[in-house]
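First up is the structure itself, then whatever we jot down about it.
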Amino acid sequence: MTIESNLQLSYPMPGGGRLKFSFQLSLPGRGITAVTGPSGAGKTTLLRCLAGLERSTGRLSVNGRLWQDDHFFLPTHRRPLGYVFQEARLFPHLTVSQNLAYGTKRGTRRRGGGGAASLDLSHFLTILGINHLLERRPENLSGGERQRVALARALAAGPEVLLLDEPLAALDQSRKEEIMPYLESLRELTLPVIYVSHARDEIERLADTLVTLAGPGCPAQVNSAQSLGLQHGHGPQGKEAVAA
Amino acid sequence: MLTSEDLSAIRLSVELATTTTCFTLLLGAPLAWWLSRGETWGRRFFGAVVTMPMVLPPTVLGFYLLVFLGPNGPLGRLFGALGLRLLPFTFSGLVVASVIFTLPFVVQPLQNAFEALGESPLEAAATLGAGPVDAFMTVILPQARPAFLTAAVMGFAHTIGEFGVVLMIGGNIPEVTRVLSMQIYVYVEGLEYGRAHVLAAGLVVFSIATMLALQFLKPEREKPKRGRP
């Protein structure tokens, strides 16, 4: 299970103009791949392009199935992915269990042939510790609880790849500490996890593979991301951040 | 206290308002949705066209509809060619005029609600496998329910109050197009102030009730949430 990507992304910069960069990478089929870099480097844009929430040119295939190329674009709702937003984005008119069911009902239609592991939802609900929250509405949850529910909801849809966009950014330190173990347990999933963050401590604890994007500042092409760091279990332990 | 003409006028007004409200909601919801999705040239143009009746004098709108739908107008000739009865001076003509005139009052609250919801819920729904129509029905509509009620109340109340458009296109024909506002006018013209009072006072009560209803439908102000920070 892998992600093969060769994307050209562009997005508007605060001072005007557009920042273009290429992302050419093969990512492993399991474990947590952290995408890091300074603010404005395009980390969130990259994630959104992988999800199809934003357009980019180039080729992207996941688990052998084409998600986009120059002649084809699979829309977001057909991509078997899970996405955790920074602000959770739970549906306020539904209870927690209804939010979870939202993904389960629709997620199965998306899967291609590529043997995505069907996750044992009840197992994960227990791991994420949200069983007691099922009948609550999102407005009655703390920030940390909301993110855990958002994570459970994304997983409930049976994704083949999980994308997380700075999920801890909106939380205070104690809530972050509370959620970290749950995020670490994502390593045990049989699907790739892409985790965007600029926080060093999160990267150090979570990353099996590290992708560093160069910062903005140069107009026109900023070159490919470098994938460094070490795959979990191979070679010397320790994760290196690459200064761009 | 109410004559049979009064009852007939009330019946016509209620029928007109109900029919208009249904049609404007059916047309207005997709239109408001489309308008809320961005600021392209096309959207700005259609937005202006849809809301134009808000500033156009009602008699002007009524007049041009009369011309357009009449025997010498483009639509009128089409109707004639198809063997259909012409719309002016019929209840159906009233509905057409009323829908055009009331549409902006229904589209606006809906468009505002859709814009307030923004892209976020739709993106979240898409990542969970919901296509655009699915996302609209299951995520946007339920959250826009207060706006729909407001739009319905506005549409209904606005239609009840119509005069100029209805007079022009309807011709004030008793039992057919003489709605409530017309009946009051007829009484005043005939110096039957007593009868006019009965209907007018009734409309005042109705208007106050409508405004009260809208107050209850306003979105709640931020109450302290029960969740922990």
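All residue names refer to the structure tokens as shown: chains lettered A, B, ... in order, residues numbered from 1 in each chain, ligands numbered from 1 in order.
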Could I get the residues of chain A with an atom no further than 10 Å from an atom of chain B, each paired with its nearest atom pair and that distance in Å to one decimal, using only C-alpha atoms, sorted by chain and residue number, as CSV?
residue,atom,partner,partner_atom,distance
A:Arg48,CA,B:Glu123,CA,10.0
A:Ala51,CA,B:Thr127,CA,7.6
A:Gly52,CA,B:Thr127,CA,9.1
A:Leu53,CA,B:Glu123,CA,7.1
A:Pro75,CA,B:Ala126,CA,8.6
A:Thr76,CA,B:Ala126,CA,5.8
A:His77,CA,B:Gly129,CA,4.2
A:Arg78,CA,B:Gly129,CA,6.1
A:Arg79,CA,B:Gly129,CA,7.6
A:Pro80,CA,B:Gly129,CA,7.6
A:Leu81,CA,B:Thr127,CA,6.6
A:Gly82,CA,B:Thr127,CA,6.0
A:Tyr83,CA,B:Thr127,CA,6.1
A:Val84,CA,B:Ala124,CA,8.5
A:Phe85,CA,B:Ala124,CA,8.1
A:Glu87,CA,B:Ser120,CA,9.6
A:Ala88,CA,B:Ala124,CA,8.9
A:Arg89,CA,B:Ala124,CA,6.5
A:Leu90,CA,B:Ala124,CA,8.0
A:Phe91,CA,B:Pro121,CA,7.1
A:Pro92,CA,B:Gln143,CA,8.1
A:His93,CA,B:Gln143,CA,6.6
A:Leu94,CA,B:Val139,CA,9.2
A:Leu100,CA,B:Leu128,CA,9.7
A:Tyr102,CA,B:Leu128,CA,7.2
A:Gly103,CA,B:Leu128,CA,4.8
A:Thr104,CA,B:Leu128,CA,8.1
A:Lys105,CA,B:Gly129,CA,8.7
A:Arg106,CA,B:Gly129,CA,5.2
A:Gly107,CA,B:Gly129,CA,5.4
A:Thr108,CA,B:Gly129,CA,8.5
A:Arg109,CA,B:Gly129,CA,7.8
A:Arg110,CA,B:Gly129,CA,6.9
A:Arg137,CA,B:Gly227,CA,9.7
A:Pro138,CA,B:Gly227,CA,8.7
A:Glu139,CA,B:Gly227,CA,6.4
A:Asn140,CA,B:Gly227,CA,4.2
A:Leu141,CA,B:Gly227,CA,5.0
A:Ser142,CA,B:Arg228,CA,4.8
A:Gly143,CA,B:Pro229,CA,6.4
A:Gly144,CA,B:Pro229,CA,8.9
A:Glu145,CA,B:Arg228,CA,9.7
A:Ala150,CA,B:Ala124,CA,9.8
A:Arg153,CA,B:Leu128,CA,8.2
A:Ala154,CA,B:Leu128,CA,6.8
A:Leu155,CA,B:Leu128,CA,9.4
A:Ala156,CA,B:Leu128,CA,8.9
A:Ala157,CA,B:Leu128,CA,6.1
A:Gly158,CA,B:Leu128,CA,9.2
A:Pro159,CA,B:Leu128,CA,8.8
A:Leu163,CA,B:Thr127,CA,10.0
A:Leu171,CA,B:Pro229,CA,9.3
A:Asp172,CA,B:Pro229,CA,9.4
A:Arg175,CA,B:Pro229,CA,10.0
Exercise. For range 184-189 of chain A, list every protein, DNA or RNA residue within 9 Å, evaluated using only C-alpha atoms, and leave out those in the same chain fewer than 5 positions away; present the list as a VMD selection string.
Key: chain A and resid 30 to 32 117 119 127 179 205 to 206 208
With C-alpha atoms kept, could you save the residues just selected as an mmCIF file, in the first residue's frame?
data_model
loop_
_atom_site.group_PDB
_atom_site.id
_atom_site.type_symbol
_atom_site.label_atom_id
_atom_site.label_comp_id
_atom_site.auth_asym_id
_atom_site.auth_seq_id
_atom_site.Cartn_x
_atom_site.Cartn_y
_atom_site.Cartn_z
ATOM 1 C CA ARG A 30 1.802 2.442 6.892
ATOM 2 C CA GLY A 31 3.163 4.442 9.725
ATOM 3 C CA ILE A 32 3.028 8.154 10.277
ATOM 4 C CA ALA A 117 -8.224 -2.868 6.196
ATOM 5 C CA LEU A 119 -11.128 -1.043 10.946
ATOM 6 C CA ILE A 127 -8.928 3.280 22.318
ATOM 7 C CA ILE A 179 -4.462 13.233 22.772
ATOM 8 C CA ARG A 205 6.997 11.842 18.945
ATOM 9 C CA LEU A 206 4.937 10.871 15.950
ATOM 10 C CA ASP A 208 8.189 7.601 11.272
#
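When only C-alpha atoms are used to compute distances to Gly171 in chain B, the closest of the residues B:Leu87, B:Leu27, B:Leu110, B:Leu199 turns out to be B:Leu87.
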Quiz item: Leaving out Phe163 in chain B and any residue of its chain fewer than 2 positions from it, which residues lie within 12 Å of it when counting only C-alpha atoms, given as an MDAnalysis selection string?
Solution: chainID B and resid 13 57:62 94 97:98 101 158:161 165:172 177:186
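Neighbouring residues of Ala113 in chain B at 8 Å or closer, counting only C-alpha atoms and skipping chain neighbours under 3 positions away, are Pro109, Leu110, Ala116, Leu117, Ala144 and Ala147 of chain B.
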Could those selected residues go to a file with N, CA, C and O atoms, as a PDB file, in the first residue's frame?
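out-v1.pdb, written as the output of this step:
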ATOM      1  N   PRO B 109     -32.802  35.552   2.973  1.00  0.00           N
ATOM      2  CA  PRO B 109     -32.459  34.850   4.215  1.00  0.00           C
ATOM      3  C   PRO B 109     -31.784  33.505   3.953  1.00  0.00           C
ATOM      4  O   PRO B 109     -30.882  33.105   4.695  1.00  0.00           O
ATOM      5  N   LEU B 110     -32.191  32.820   2.872  1.00  0.00           N
ATOM      6  CA  LEU B 110     -31.577  31.532   2.572  1.00  0.00           C
ATOM      7  C   LEU B 110     -30.122  31.718   2.167  1.00  0.00           C
ATOM      8  O   LEU B 110     -29.230  31.002   2.635  1.00  0.00           O
ATOM      9  N   ALA B 116     -23.295  31.886   5.615  1.00  0.00           N
ATOM     10  CA  ALA B 116     -22.784  31.792   6.980  1.00  0.00           C
ATOM     11  C   ALA B 116     -22.219  30.400   7.258  1.00  0.00           C
ATOM     12  O   ALA B 116     -21.245  30.263   7.995  1.00  0.00           O
ATOM     13  N   LEU B 117     -22.831  29.392   6.663  1.00  0.00           N
ATOM     14  CA  LEU B 117     -22.328  28.032   6.888  1.00  0.00           C
ATOM     15  C   LEU B 117     -20.998  27.811   6.188  1.00  0.00           C
ATOM     16  O   LEU B 117     -20.140  27.079   6.676  1.00  0.00           O
ATOM     17  N   ALA B 144     -29.901  24.877   8.131  1.00  0.00           N
ATOM     18  CA  ALA B 144     -30.510  26.100   7.605  1.00  0.00           C
ATOM     19  C   ALA B 144     -32.005  26.166   7.903  1.00  0.00           C
ATOM     20  O   ALA B 144     -32.702  27.042   7.398  1.00  0.00           O
ATOM     21  N   ALA B 147     -33.583  29.464   8.807  1.00  0.00           N
ATOM     22  CA  ALA B 147     -33.620  30.375   7.668  1.00  0.00           C
ATOM     23  C   ALA B 147     -34.779  30.030   6.736  1.00  0.00           C
ATOM     24  O   ALA B 147     -35.395  30.923   6.147  1.00  0.00           O
TER      25      ALA B 147
END
Exercise. Could you tell me, as a count of residues only, which residues of range 86-227 of chain A DSSP assigns to alpha helix (DSSP H) when given the backbone?
Key: 53
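Here CA of Leu210 in chain A is placed at a distance of 6.1 Å from CA of Val35 in chain A.
Among the candidates B:Met211, B:Ala157, B:Val106, B:Val188, the residue lying nearest to Met54 in chain B is B:Val106 (atoms considered: only C-alpha atoms).
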Exercise. List the neighbours of Gln215 in chain B out to 12 Å using only C-alpha atoms; skip same-chain residues closer than 3 positions along the sequence, and give me the result as a list in words.
Key: Pro146, Leu149, Thr150, Val153, Met154, Ile208, Ala209, Thr210, Met211, Leu212, Lys218, Pro219 and Glu220 of chain B
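When CA of Gly28 in chain B is paired with CA of Phe91 in chain B, their separation reads 21.2 Å.
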